[in-house]
>>> print(open('final.txt').read())   # compact mmCIF, C-alpha atoms
# COMPACT_ATOMS: atom_id res chain seq x y z
CA MET A 81 33.85 111.28 102.16
CA PRO A 82 35.44 108.25 103.86
CA GLU A 83 33.62 106.65 106.77
CA ARG A 84 35.25 107.28 110.10
CA LEU A 85 34.65 106.53 113.75
CA TYR A 86 36.49 108.55 116.42
CA VAL A 87 37.03 107.13 119.87
CA GLY A 88 38.16 109.47 122.64
CA THR A 89 39.86 107.78 125.56
CA ARG A 90 41.77 108.47 128.75
CA LYS A 91 44.95 108.03 126.72
CA GLY A 92 44.35 109.46 123.31
CA LEU A 93 42.09 109.65 120.27
CA PHE A 94 41.66 106.64 118.01
CA GLU A 95 40.47 106.92 114.43
CA LEU A 96 38.78 103.88 112.95
CA ALA A 97 37.93 103.12 109.33
CA PRO A 98 36.20 100.18 107.63
CA ASP A 99 38.64 97.62 106.32
CA ASN A 100 37.38 94.54 104.46
CA GLY A 101 34.09 94.57 106.29
CA HIS A 102 35.58 95.23 109.70
CA TRP A 103 36.33 98.44 111.51
CA ASP A 104 39.97 98.81 112.40
CA ILE A 105 42.16 101.49 113.90
CA ALA A 106 43.54 103.58 111.06
CA ALA A 107 45.35 106.26 113.08
CA THR A 108 46.07 107.39 116.62
CA HIS A 109 46.23 110.96 117.86
CA PHE A 110 47.20 112.64 121.15
CA LEU A 111 48.46 109.36 122.61
CA GLY A 112 48.71 109.66 126.37
CA ASP A 113 46.32 112.59 126.69
CA PRO A 114 42.73 112.43 127.99
CA VAL A 115 40.14 113.24 125.33
CA SER A 116 36.89 114.68 126.67
CA ALA A 117 34.91 115.45 123.51
CA VAL A 118 35.06 114.85 119.77
CA LEU A 119 33.19 116.30 116.82
CA ALA A 120 33.77 115.23 113.22
CA LEU A 121 32.05 117.24 110.50
CA GLY A 122 33.02 115.75 107.18
CA ASP A 123 36.78 115.62 107.24
CA THR A 124 37.13 118.37 109.83
CA VAL A 125 37.71 116.90 113.26
CA TYR A 126 37.65 118.65 116.63
CA ALA A 127 39.26 117.05 119.67
CA ALA A 128 38.93 118.46 123.17
CA LEU A 129 41.66 117.45 125.59
CA ASP A 130 41.39 117.46 129.36
CA LEU A 131 45.03 117.75 130.38
CA GLY A 132 45.49 116.98 134.03
CA HIS A 133 48.04 119.71 134.68
CA PHE A 134 47.60 122.18 131.89
CA GLY A 135 43.84 122.50 131.52
CA ALA A 136 41.25 121.98 128.80
CA LYS A 137 42.47 122.36 125.23
CA LEU A 138 40.88 122.29 121.80
CA TRP A 139 42.47 121.08 118.58
CA ARG A 140 41.20 120.89 115.01
CA ARG A 141 42.31 118.94 111.98
CA ASP A 142 41.18 119.94 108.51
CA GLY A 143 41.23 117.18 105.93
CA ALA A 144 44.66 115.75 105.44
CA GLY A 145 46.32 118.60 107.30
CA GLY A 146 47.89 118.37 110.70
CA TRP A 147 46.33 119.21 114.04
CA GLN A 148 46.16 122.85 114.97
CA GLU A 149 45.47 124.13 118.47
CA LEU A 150 42.58 126.57 118.75
CA ALA A 151 41.88 128.98 121.56
CA ALA A 152 39.78 126.99 124.03
CA PRO A 153 36.56 128.50 125.35
CA ALA A 154 37.35 130.75 128.33
CA PHE A 155 35.25 132.43 130.97
CA PRO A 156 35.25 136.23 131.21
CA PRO A 157 36.80 137.97 134.23
CA LYS A 158 34.83 137.16 137.35
CA PRO A 159 33.04 140.28 138.64
CA GLU A 160 33.85 141.34 142.17
CA ASP A 161 30.23 140.92 143.25
CA ALA A 162 30.27 137.28 142.12
CA GLY A 163 32.47 136.22 145.00
CA ASP A 164 29.87 133.86 146.42
CA ASP A 165 29.33 132.03 143.15
CA PRO A 166 29.68 128.32 144.00
CA HIS A 167 31.09 127.51 140.58
CA PRO A 168 34.56 128.35 139.27
CA TRP A 169 34.79 130.87 136.45
CA SER A 170 37.36 128.83 134.63
CA LEU A 171 36.97 126.10 132.04
CA GLY A 172 37.08 122.67 133.64
CA LYS A 173 36.62 120.64 130.50
CA ILE A 174 34.74 120.60 127.23
CA TRP A 175 32.16 117.85 127.63
CA VAL A 176 30.29 118.00 124.36
CA MET A 177 30.52 119.81 121.02
CA GLU A 178 27.72 120.11 118.49
CA PRO A 179 27.28 121.80 115.11
CA GLY A 180 25.03 124.84 115.34
CA GLY A 181 23.04 124.43 112.13
CA VAL A 182 24.67 127.49 110.55
CA PRO A 183 27.97 127.35 108.63
CA GLY A 184 30.84 127.87 111.05
CA ARG A 185 28.70 127.74 114.18
CA LEU A 186 29.54 125.34 116.99
CA TRP A 187 28.24 124.95 120.52
CA ALA A 188 30.31 123.58 123.38
CA GLY A 189 28.84 122.32 126.63
CA THR A 190 31.35 122.39 129.46
CA MET A 191 32.12 121.91 133.09
CA PRO A 192 31.51 124.02 135.18
CA GLY A 193 28.27 124.55 133.28
CA GLY A 194 29.17 127.21 130.74
CA LEU A 195 27.69 127.04 127.27
CA PHE A 196 29.98 128.49 124.60
CA ARG A 197 29.37 129.40 120.96
CA SER A 198 31.73 129.80 118.05
CA ASP A 199 30.72 131.33 114.73
CA ASP A 200 34.07 130.79 113.01
CA GLY A 201 34.59 127.06 113.09
CA GLY A 202 36.09 127.04 116.56
CA GLU A 203 38.69 129.75 116.06
CA SER A 204 37.09 131.85 118.79
CA TRP A 205 34.45 131.25 121.45
CA SER A 206 32.17 133.32 123.59
CA LEU A 207 30.34 132.37 126.76
CA ASN A 208 26.56 132.38 126.50
CA GLU A 209 26.13 134.95 129.24
CA ALA A 210 22.32 134.80 129.19
CA LEU A 211 22.43 131.26 130.58
CA TRP A 212 25.48 131.74 132.78
CA PHE A 213 23.97 134.78 134.49
CA MET A 214 20.60 133.16 135.19
CA PRO A 215 20.25 133.40 138.99
CA GLU A 216 19.16 129.74 139.05
CA ARG A 217 22.53 128.69 137.64
CA ARG A 218 24.02 129.03 141.10
CA GLN A 219 21.70 126.21 142.20
CA TRP A 220 23.14 123.79 139.68
CA GLN A 221 24.73 120.84 141.43
CA GLY A 222 28.07 119.29 140.62
CA VAL A 223 28.54 116.05 138.74
CA ALA A 224 29.19 112.97 140.86
CA GLY A 225 29.61 114.97 144.04
CA GLY A 226 32.10 117.37 142.48
CA GLU A 227 31.83 121.12 142.53
CA GLN A 228 31.29 121.52 138.81
CA PRO A 229 27.96 121.05 137.04
CA GLY A 230 28.24 119.93 133.45
CA ILE A 231 26.31 120.57 130.25
CA SER A 232 26.26 117.08 128.80
CA SER A 233 23.86 117.60 125.93
CA VAL A 234 23.19 120.35 123.41
CA LEU A 235 20.31 119.74 121.00
CA ILE A 236 19.82 122.06 118.05
CA ASP A 237 16.54 121.79 116.15
CA PRO A 238 17.55 120.69 112.63
CA ARG A 239 14.87 123.00 111.24
CA ASN A 240 15.65 126.03 113.37
CA PRO A 241 19.16 126.77 114.66
CA ASP A 242 17.74 129.26 117.18
CA ASP A 243 15.83 126.49 118.98
CA ILE A 244 18.22 125.01 121.53
CA ARG A 245 17.87 122.53 124.37
CA VAL A 246 20.64 121.81 126.84
CA GLY A 247 20.72 119.03 129.40
CA VAL A 248 22.62 119.60 132.62
CA SER A 249 24.00 117.33 135.31
CA THR A 250 22.48 118.36 137.64
CA ALA A 251 20.05 121.06 136.68
CA GLY A 252 17.34 119.87 134.29
CA VAL A 253 16.63 120.82 130.70
CA TRP A 254 17.02 124.44 129.60
CA ALA A 255 15.54 125.89 126.44
CA SER A 256 16.11 128.88 124.24
CA THR A 257 14.04 129.73 121.18
CA ASP A 258 15.96 132.87 120.29
CA GLY A 259 19.41 131.52 119.58
CA GLY A 260 20.53 131.70 123.19
CA ALA A 261 19.48 135.28 123.98
CA SER A 262 17.13 134.07 126.71
CA TRP A 263 16.58 130.79 128.55
CA SER A 264 14.05 129.00 130.69
CA ILE A 265 13.98 125.66 132.45
CA ILE A 266 11.29 123.52 130.88
CA ASN A 267 11.33 119.92 132.08
CA GLU A 268 8.18 118.72 133.81
CA GLY A 269 7.36 115.18 134.81
CA MET A 270 10.73 113.91 135.97
CA TYR A 271 11.61 112.88 139.50
CA ASN A 272 14.84 112.54 141.40
CA GLU A 273 14.75 109.70 143.92
CA TYR A 274 17.64 110.80 146.07
CA MET A 275 16.35 114.31 146.78
CA PRO A 276 14.21 115.21 149.83
CA PRO A 277 10.51 114.50 149.12
CA GLU A 278 9.49 118.11 148.53
CA GLN A 279 12.26 118.58 145.98
CA LYS A 280 12.01 115.33 144.04
CA GLY A 281 9.91 116.77 141.27
CA LEU A 282 11.57 120.15 140.89
CA PRO A 283 12.75 120.67 137.32
CA ILE A 284 16.12 121.99 138.48
CA ALA A 285 16.73 118.94 140.68
CA GLN A 286 16.84 116.55 137.71
CA ASP A 287 20.10 114.89 136.77
CA ILE A 288 19.98 114.77 132.99
CA HIS A 289 22.61 112.20 132.16
CA ARG A 290 22.06 112.53 128.44
CA LEU A 291 19.52 113.78 125.91
CA ALA A 292 19.02 112.50 122.36
CA ARG A 293 16.57 113.77 119.78
CA CYS A 294 15.11 112.23 116.64
CA ALA A 295 16.47 114.43 113.84
CA ALA A 296 13.45 113.89 111.58
CA TYR A 297 10.95 114.47 114.40
CA PRO A 298 12.74 116.88 116.72
CA GLU A 299 9.74 117.17 119.01
CA VAL A 300 10.64 113.68 120.24
CA VAL A 301 13.43 113.74 122.83
CA TRP A 302 14.75 110.84 124.90
CA CYS A 303 16.49 111.19 128.24
CA GLN A 304 18.65 108.81 130.20
CA HIS A 305 18.16 110.32 133.62
CA HIS A 306 19.91 109.38 136.83
CA ASN A 307 16.71 107.75 138.01
CA GLY A 308 15.34 106.25 134.84
CA VAL A 309 14.45 106.71 131.22
CA PHE A 310 12.08 109.44 130.08
CA ARG A 311 10.57 110.52 126.75
CA SER A 312 9.13 113.82 125.63
CA GLU A 313 6.93 114.40 122.61
CA ASP A 314 6.87 118.17 122.94
CA ARG A 315 10.51 119.22 122.59
CA GLY A 316 11.48 118.52 126.17
CA HIS A 317 8.72 120.28 128.08
CA ASN A 318 6.70 117.35 129.39
CA TRP A 319 8.23 113.96 130.10
CA HIS A 320 6.82 110.55 130.87
CA GLU A 321 8.80 107.74 132.37
CA ILE A 322 9.57 104.69 130.26
CA THR A 323 9.14 101.90 132.77
CA ALA A 324 9.50 99.02 130.31
CA ILE A 325 13.29 99.52 130.06
CA ARG A 326 15.18 96.31 130.81
CA PRO A 327 17.22 94.94 132.53
CA SER A 328 17.48 98.12 134.64
CA LYS A 329 16.60 101.78 134.40
CA PHE A 330 19.95 103.29 135.41
CA GLY A 331 22.49 104.28 132.81
CA PHE A 332 24.23 107.21 131.18
CA ALA A 333 23.92 106.98 127.41
CA VAL A 334 21.07 107.15 124.91
CA ALA A 335 21.01 107.17 121.12
CA ALA A 336 17.99 108.20 119.07
CA HIS A 337 17.21 106.89 115.60
CA PRO A 338 17.64 109.74 113.13
CA ARG A 339 14.33 109.08 111.32
CA ASP A 340 12.15 106.80 113.47
CA PRO A 341 10.90 108.68 116.54
CA ASP A 342 9.92 105.41 118.24
CA THR A 343 13.39 103.85 118.15
CA ALA A 344 16.14 104.48 120.70
CA TRP A 345 18.97 102.63 122.42
CA PHE A 346 20.16 102.62 126.02
CA VAL A 347 22.90 100.83 127.97
CA PRO A 348 21.40 99.82 131.33
CA ALA A 349 23.48 99.24 134.45
CA VAL A 350 23.04 98.54 138.14
CA LYS A 351 22.02 101.81 139.71
CA ASP A 352 24.17 104.51 141.11
CA GLU A 353 25.80 102.96 144.16
CA ARG A 354 27.46 100.32 141.99
CA ARG A 355 27.44 101.35 138.34
CA ILE A 356 28.26 98.02 136.78
CA PRO A 357 26.40 95.88 134.24
CA MET A 358 23.63 93.64 135.56
CA ASP A 359 25.00 90.16 136.31
CA GLY A 360 28.34 91.01 134.69
CA LYS A 361 26.77 91.04 131.22
CA VAL A 362 27.04 93.98 128.83
CA VAL A 363 23.73 94.54 127.04
CA VAL A 364 22.01 97.22 124.99
CA ALA A 365 18.30 97.92 125.37
CA ARG A 366 16.45 98.93 122.20
CA THR A 367 12.89 100.07 121.82
CA ARG A 368 11.11 100.30 118.48
CA ASP A 369 7.71 101.28 119.79
CA GLY A 370 8.32 104.49 121.64
CA GLY A 371 9.33 102.79 124.87
CA LYS A 372 6.40 100.40 125.32
CA SER A 373 8.74 97.43 125.00
CA PHE A 374 12.45 96.72 124.74
CA ASP A 375 14.72 94.17 123.11
CA VAL A 376 17.77 93.29 125.21
CA LEU A 377 20.63 92.92 122.72
CA ARG A 378 23.73 90.97 123.64
CA SER A 379 25.08 89.19 120.54
CA GLY A 380 28.79 89.91 120.35
CA LEU A 381 28.92 91.69 123.72
CA PRO A 382 30.76 90.30 126.80
CA GLN A 383 28.44 88.06 128.80
CA ARG A 384 30.73 86.81 131.55
CA TYR A 385 32.36 88.80 134.36
CA ALA A 386 32.14 92.04 132.40
CA TYR A 387 32.13 95.32 134.32
CA ASP A 388 32.09 97.81 131.50
CA LEU A 389 30.21 101.03 132.04
CA VAL A 390 29.23 103.21 129.09
CA TRP A 391 29.47 106.92 129.78
CA ARG A 392 27.16 109.64 128.47
CA HIS A 393 28.90 110.26 125.17
CA ALA A 394 30.14 106.74 124.51
CA LEU A 395 27.13 105.46 122.53
CA ALA A 396 26.81 106.80 119.00
CA ILE A 397 24.64 106.27 115.96
CA ASP A 398 25.41 107.32 112.42
CA GLY A 399 23.14 108.99 109.90
CA SER A 400 21.89 105.66 108.51
CA GLY A 401 20.23 104.71 111.76
CA GLU A 402 21.66 101.20 111.44
CA ARG A 403 25.26 101.59 112.54
CA LEU A 404 26.05 102.09 116.22
CA ALA A 405 29.24 102.26 118.24
CA MET A 406 29.74 101.89 121.95
CA GLY A 407 32.79 102.30 124.18
CA SER A 408 33.28 101.44 127.83
CA THR A 409 35.18 102.43 130.94
CA SER A 410 37.16 99.21 130.56
CA GLY A 411 38.22 100.12 127.05
CA GLY A 412 35.71 97.86 125.34
CA LEU A 413 34.69 99.06 121.88
CA TRP A 414 31.86 97.47 119.91
CA ILE A 415 30.29 98.34 116.59
CA SER A 416 26.99 97.16 115.16
CA GLU A 417 25.90 97.38 111.54
CA ASP A 418 22.37 96.09 112.13
CA CYS A 419 20.71 98.39 114.65
CA GLY A 420 22.35 96.66 117.59
CA ASP A 421 21.31 93.08 116.87
CA ASN A 422 24.94 92.01 116.51
CA TRP A 423 28.12 93.68 117.71
CA SER A 424 31.76 93.17 116.82
CA ALA A 425 34.93 94.47 118.42
CA PRO A 426 38.07 95.63 116.64
CA GLU A 427 41.24 93.93 117.75
CA ALA A 428 42.56 96.34 120.35
CA ARG A 429 42.84 96.87 124.07
CA LEU A 430 41.96 100.51 124.44
CA PRO A 431 42.18 102.86 127.41
CA PRO A 432 38.94 103.84 129.19
CA ILE A 433 36.61 105.40 126.63
CA SER A 434 34.82 108.68 127.24
CA VAL A 435 33.35 109.39 123.83
CA VAL A 436 32.64 107.68 120.51
CA ARG A 437 31.46 109.58 117.47
CA PHE A 438 30.93 108.89 113.78
CA ALA A 439 31.97 111.50 111.25
CA SER A 440 28.88 113.14 109.83
CA ASN A 441 28.52 114.11 106.19
CA MET B 48 66.67 140.07 133.94
CA ALA B 49 64.96 137.09 135.46
CA THR B 50 64.89 133.81 133.60
CA VAL B 51 61.68 131.82 133.25
CA ARG B 52 62.07 128.13 132.48
CA PHE B 53 59.23 125.75 131.65
CA THR B 54 58.79 122.03 132.22
CA SER B 55 59.74 119.89 129.27
CA ALA B 56 56.31 118.26 129.63
CA LEU B 57 54.94 121.19 127.65
CA GLU B 58 57.03 120.38 124.59
CA ARG B 59 54.47 117.84 123.41
CA PHE B 60 51.96 120.65 122.94
CA LEU B 61 53.89 123.80 122.11
CA ALA B 62 57.29 125.43 122.26
CA ALA B 63 58.23 126.82 125.65
CA PRO B 64 61.92 127.76 125.64
CA PRO B 65 63.56 129.64 128.52
CA ALA B 66 62.94 133.38 128.42
CA ASP B 67 64.80 136.31 129.96
CA VAL B 68 62.24 138.87 131.02
CA ALA B 69 61.89 141.98 133.15
CA GLY B 70 59.34 142.35 135.91
CA ALA B 71 58.93 143.17 139.58
CA THR B 72 56.66 140.23 140.36
CA VAL B 73 56.30 136.67 139.13
CA GLY B 74 53.04 137.73 137.51
CA GLU B 75 54.77 140.45 135.53
CA ALA B 76 57.51 138.08 134.47
CA LEU B 77 55.02 135.50 133.25
CA ALA B 78 52.97 138.17 131.50
CA ALA B 79 56.07 139.21 129.59
CA VAL B 80 56.59 135.63 128.45
CA PHE B 81 52.95 135.23 127.42
CA GLU B 82 53.03 138.44 125.45
CA ALA B 83 55.54 136.79 123.15
CA ARG B 84 53.87 133.36 123.34
CA PRO B 85 50.14 133.87 123.95
CA ALA B 86 49.22 130.20 123.47
CA LEU B 87 51.35 129.31 126.47
CA ARG B 88 49.25 131.34 128.90
CA GLY B 89 46.34 128.87 129.11
CA TYR B 90 48.70 126.03 129.98
CA VAL B 91 49.97 127.82 133.06
CA LEU B 92 47.10 130.08 134.18
CA ASP B 93 43.37 129.47 134.47
CA ASP B 94 40.71 131.72 132.93
CA GLN B 95 40.97 134.18 135.83
CA GLY B 96 44.75 134.48 135.62
CA ALA B 97 45.52 132.34 138.68
CA LEU B 98 48.02 129.51 138.57
CA ARG B 99 46.41 126.27 137.47
CA ARG B 100 45.79 123.96 140.38
CA HIS B 101 48.30 121.41 139.15
CA VAL B 102 51.00 123.81 138.02
CA ALA B 103 53.78 124.86 140.39
CA VAL B 104 56.01 127.92 140.10
CA TYR B 105 59.24 128.21 142.07
CA ILE B 106 61.37 131.32 142.45
CA ASP B 107 64.96 130.38 143.20
CA GLY B 108 63.85 127.14 144.77
CA LYS B 109 60.84 128.39 146.72
CA ALA B 110 57.21 127.89 145.75
CA VAL B 111 55.31 131.08 145.05
CA ARG B 112 52.93 131.99 147.86
CA ASP B 113 50.36 134.05 145.99
CA ARG B 114 48.96 131.63 143.43
CA ILE B 115 45.95 133.87 142.70
CA LYS B 116 47.43 137.28 141.86
CA LEU B 117 51.05 136.15 141.42
CA SER B 118 52.30 139.10 143.45
CA ASP B 119 55.45 137.45 144.83
CA PRO B 120 58.38 139.81 144.16
CA ILE B 121 61.29 138.64 142.06
CA GLY B 122 64.86 139.79 141.79
CA ALA B 123 66.59 140.73 138.58
CA GLU B 124 68.73 137.59 138.60
CA ASP B 125 66.11 135.12 139.79
CA ASP B 126 65.40 131.81 138.14
CA ILE B 127 61.70 131.08 137.84
CA TYR B 128 60.69 127.48 137.21
CA VAL B 129 57.25 126.51 135.92
CA PHE B 130 56.44 122.82 136.16
CA GLN B 131 53.63 120.39 136.79
CA ALA B 132 52.65 119.70 140.38
CA LEU B 133 52.49 115.94 140.44
CA THR B 134 49.29 114.73 141.98
CA GLY B 135 48.37 111.12 141.61
CA GLY B 136 49.99 108.34 139.66
>>> encode(input="final.txt", output="structure tokens")
Amino acid sequence: MPERLYVGTRKGLFELAPDNGHWDIAATHFLGDPVSAVLALGDTVYAALDLGHFGAKLWRRDGAGGWQELAAPAFPPKPEDAGDDPHPWSLGKIWVMEPGGVPGRLWAGTMPGGLFRSDDGGESWSLNEALWFMPERRQWQGVAGGEQPGISSVLIDPRNPDDIRVGVSTAGVWASTDGGASWSIINEGMYNEYMPPEQKGLPIAQDIHRLARCAAYPEVVWCQHHNGVFRSEDRGHNWHEITAIRPSKFGFAVAAHPRDPDTAWFVPAVKDERRIPMDGKVVVARTRDGGKSFDVLRSGLPQRYAYDLVWRHALAIDGSGERLAMGSTSGGLWISEDCGDNWSAPEARLPPISVVRFASN
Amino acid sequence: MATVRFTSALERFLAAPPADVAGATVGEALAAVFEARPALRGYVLDDQGALRRHVAVYIDGKAVRDRIKLSDPIGAEDDIYVFQALTGG
């Protein structure tokens, strides 16, 4: 299967392929439309659009065929006794899509916090009502001051498709071990600086910007949290803060090495009031010792008056564990073939990037 | 019969030609269109059947008042326009 990188932006989906040792744009799709999520399984590609006027849409392309619109996930009719629900019962946008570990199964994390499952390759979707009807769900806080919480991360245990972890902005880490039939909030050990003192440590008060798990050692989970970087060695139950992260602990994205549980990458930024790179320099922080120390990688990245921010889904790693891609709010796109030591940029001036993703085999 | 016309902005995504439909309310008229073109529904209505926040519907030049239940009455000869409510640049 050919190697591909998909880059979802504010103005379309860009498909990149290797060309004489460099990655270059091979095709464009949905030009002009905001892309909120991408999933590429072999040569089947899913693209979620976040159309400003006409809502969230989902399209699929199979192999060399054209794009086909699928029915987007939709919320069931809102019951009359749910009138005081603070969250809308209507799809805001698809924020993340993941394969479910079973042929045909997909999971979609969305705003306003609904988790959806498809068992037919995205042709139809159903809301995971067990999670949506948890009474605590009404306490979930919106993203960036908005009214809609968002499920940013869905982790499926590679050895057990019924073992699921979801990360929510802002509502902690939720777990199911029965395929989504029941859920509990599990994250202990995190803190949220901006909450009142008595609520700082509450699991549900934690803003999980992004979760990433080591595929070969799925008990190891990394979290880029609103207030820092955390690591769990017990499938997301107990977390300890990684204080060695440099040059700062704020950020959105994290990538986990697929085989080495001690290696992960982050993209630090000045914390929440500003959300810009430290000193105008784009860098990637990499640990290879479980978070005890970090390399700050900058070769090939802008080091002068650069104000690129890398969103939750805009840092990706491929199955080799050596190739990474990163996209920014300023449309910067960089690819590394050597674990982040060196980065190169294709010749392009792209729109703001929300998601980058390699096609998986 | 009333005529429902859709913004040309939809043409990028799917076909939305004008449709002559029967109905006592704007909701019934739209439902008749969506019965023939089910994929169009999600572009105009949200998951609960209300008008999308950034979609406008005019009946003979006047914006519909009930954007939730779409109960505004329509006449047999009315022109119903569905278009994007421009918000932002």
>>> closest_atom_pairs(input="final.txt", of="chain B", to="chain A", cutoff="8 Å", atoms="all atoms listed in the file", output="CSV")
residue,atom,partner,partner_atom,distance
B:Ala86,CA,A:Ala151,CA,7.7
B:Gly89,CA,A:Gly135,CA,7.3
B:Tyr90,CA,A:Phe134,CA,4.4
B:Val91,CA,A:Phe134,CA,6.2
B:Asp93,CA,A:Ser170,CA,6.0
B:Asp94,CA,A:Ser170,CA,4.7
B:Gln95,CA,A:Pro157,CA,5.9
B:Arg99,CA,A:Phe134,CA,7.0
B:Arg100,CA,A:His133,CA,7.5
B:His101,CA,A:His133,CA,4.8
B:Val102,CA,A:His133,CA,6.1
B:Gln131,CA,A:His133,CA,6.0
B:Ala132,CA,A:His133,CA,7.3
>>> residues_around(input="final.txt", residues="stretch 112-117 of chain B", least_positions_apart="4", cutoff="8 Å", atoms="all atoms listed in the file", output="PDB file with C-alpha atoms, in the frame of the given file")
ATOM      1  CA  THR B  72      56.660 140.230 140.360  1.00  0.00           C
ATOM      2  CA  VAL B  73      56.300 136.670 139.130  1.00  0.00           C
ATOM      3  CA  GLY B  74      53.040 137.730 137.510  1.00  0.00           C
ATOM      4  CA  GLY B  96      44.750 134.480 135.620  1.00  0.00           C
ATOM      5  CA  ALA B  97      45.520 132.340 138.680  1.00  0.00           C
ATOM      6  CA  LEU B  98      48.020 129.510 138.570  1.00  0.00           C
TER       7      LEU B  98
END
>>> closest_residue(input="final.txt", among="B:Val51, B:Ala56, B:Ala62, B:Val129", to="B:Val80", atoms="only C-alpha atoms")
B:Val51
>>> residues_around(input="final.txt", residues="A:Pro338", least_positions_apart="6", cutoff="8 Å", atoms="only C-alpha atoms", output="PyMOL selection string")
chain A and resi 293-296+399-401
>>> residues_around(input="final.txt", residues="B:Ala123", least_positions_apart="3", cutoff="10 Å", atoms="only C-alpha atoms", output="PyMOL selection string")
chain B and resi 48-50+67-71+120+126
>>> atom_distance(input="final.txt", atom1="atom CA of A:Ala335", atom2="atom CA of A:Asp199")
26.8 Å
>>> closest_residue(input="final.txt", among="A:Asp375, A:Glu227, A:Asp369, A:Asp237", to="A:Arg326", atoms="only C-alpha atoms")
A:Asp375
>>> closest_residue(input="final.txt", among="B:Glu124, B:Asp119, B:Asp107, B:Glu58", to="B:Glu75", atoms="all atoms listed in the file")
B:Asp119
>>> atom_distance(input="final.txt", atom1="atom CA of A:Ala210", atom2="atom CA of A:Cys303")
24.3 Å
>>> atom_distance(input="final.txt", atom1="atom CA of A:Phe213", atom2="atom CA of A:Ile236")
21.2 Å
>>> residues_around(input="final.txt", residues="A:Trp205", least_positions_apart="4", cutoff="7 Å", atoms="only C-alpha atoms", output="list in words")
Pro153, Phe196, Arg197 and Ser198 of chain A
>>> residues_around(input="final.txt", residues="stretch 180-186 of chain A", least_positions_apart="6", cutoff="12 Å", atoms="all atoms listed in the file", output="NGL selection string")
:A and (119-121 or 124 or 126 or 153 or 195-206 or 234-245 or 259-260)
>>> closest_residue(input="final.txt", among="A:Gly143, A:Pro432, A:Gly371, A:Pro357", to="A:Arg90", atoms="all atoms listed in the file")
A:Pro432
>>> closest_residue(input="final.txt", among="A:Pro426, A:Tyr274, A:Ser410, A:Gln279", to="A:Glu353", atoms="all atoms listed in the file")
A:Tyr274
>>> build_atoms(input="final.txt", residues="stretch 63-72 of chain B", atoms="N, CA, C and O atoms", output="JSON list (two decimals), in the coordinates of the input")
[["chain", "number", "residue", "atom", "x", "y", "z"],
["B", 63, "ALA", "N", 58.15, 126.02, 124.43],
["B", 63, "ALA", "CA", 58.23, 126.82, 125.65],
["B", 63, "ALA", "C", 59.69, 126.94, 126.09],
["B", 63, "ALA", "O", 60.10, 126.41, 127.12],
["B", 64, "PRO", "N", 60.50, 127.63, 125.29],
["B", 64, "PRO", "CA", 61.92, 127.76, 125.64],
["B", 64, "PRO", "C", 62.11, 128.73, 126.80],
["B", 64, "PRO", "O", 61.21, 129.52, 127.10],
["B", 65, "PRO", "N", 63.28, 128.68, 127.44],
["B", 65, "PRO", "CA", 63.56, 129.64, 128.52],
["B", 65, "PRO", "C", 63.50, 131.07, 127.98],
["B", 65, "PRO", "O", 63.81, 131.31, 126.81],
["B", 66, "ALA", "N", 63.08, 131.99, 128.85],
["B", 66, "ALA", "CA", 62.94, 133.38, 128.42],
["B", 66, "ALA", "C", 63.52, 134.30, 129.48],
["B", 66, "ALA", "O", 63.27, 134.11, 130.67],
["B", 67, "ASP", "N", 64.30, 135.26, 129.05],
["B", 67, "ASP", "CA", 64.80, 136.31, 129.96],
["B", 67, "ASP", "C", 63.85, 137.49, 129.88],
["B", 67, "ASP", "O", 63.64, 138.06, 128.81],
["B", 68, "VAL", "N", 63.26, 137.82, 131.02],
["B", 68, "VAL", "CA", 62.24, 138.87, 131.02],
["B", 68, "VAL", "C", 62.44, 139.81, 132.20],
["B", 68, "VAL", "O", 63.06, 139.46, 133.21],
["B", 69, "ALA", "N", 61.88, 141.00, 132.07],
["B", 69, "ALA", "CA", 61.89, 141.98, 133.15],
["B", 69, "ALA", "C", 60.55, 141.94, 133.88],
["B", 69, "ALA", "O", 59.54, 141.57, 133.30],
["B", 70, "GLY", "N", 60.58, 142.32, 135.15],
["B", 70, "GLY", "CA", 59.34, 142.35, 135.91],
["B", 70, "GLY", "C", 59.64, 142.42, 137.39],
["B", 70, "GLY", "O", 60.67, 141.90, 137.85],
["B", 71, "ALA", "N", 58.74, 143.06, 138.14],
["B", 71, "ALA", "CA", 58.93, 143.17, 139.58],
["B", 71, "ALA", "C", 58.30, 142.02, 140.34],
["B", 71, "ALA", "O", 58.69, 141.72, 141.47],
["B", 72, "THR", "N", 57.32, 141.36, 139.72],
["B", 72, "THR", "CA", 56.66, 140.23, 140.36],
["B", 72, "THR", "C", 56.67, 139.04, 139.42],
["B", 72, "THR", "O", 56.91, 139.17, 138.21]]
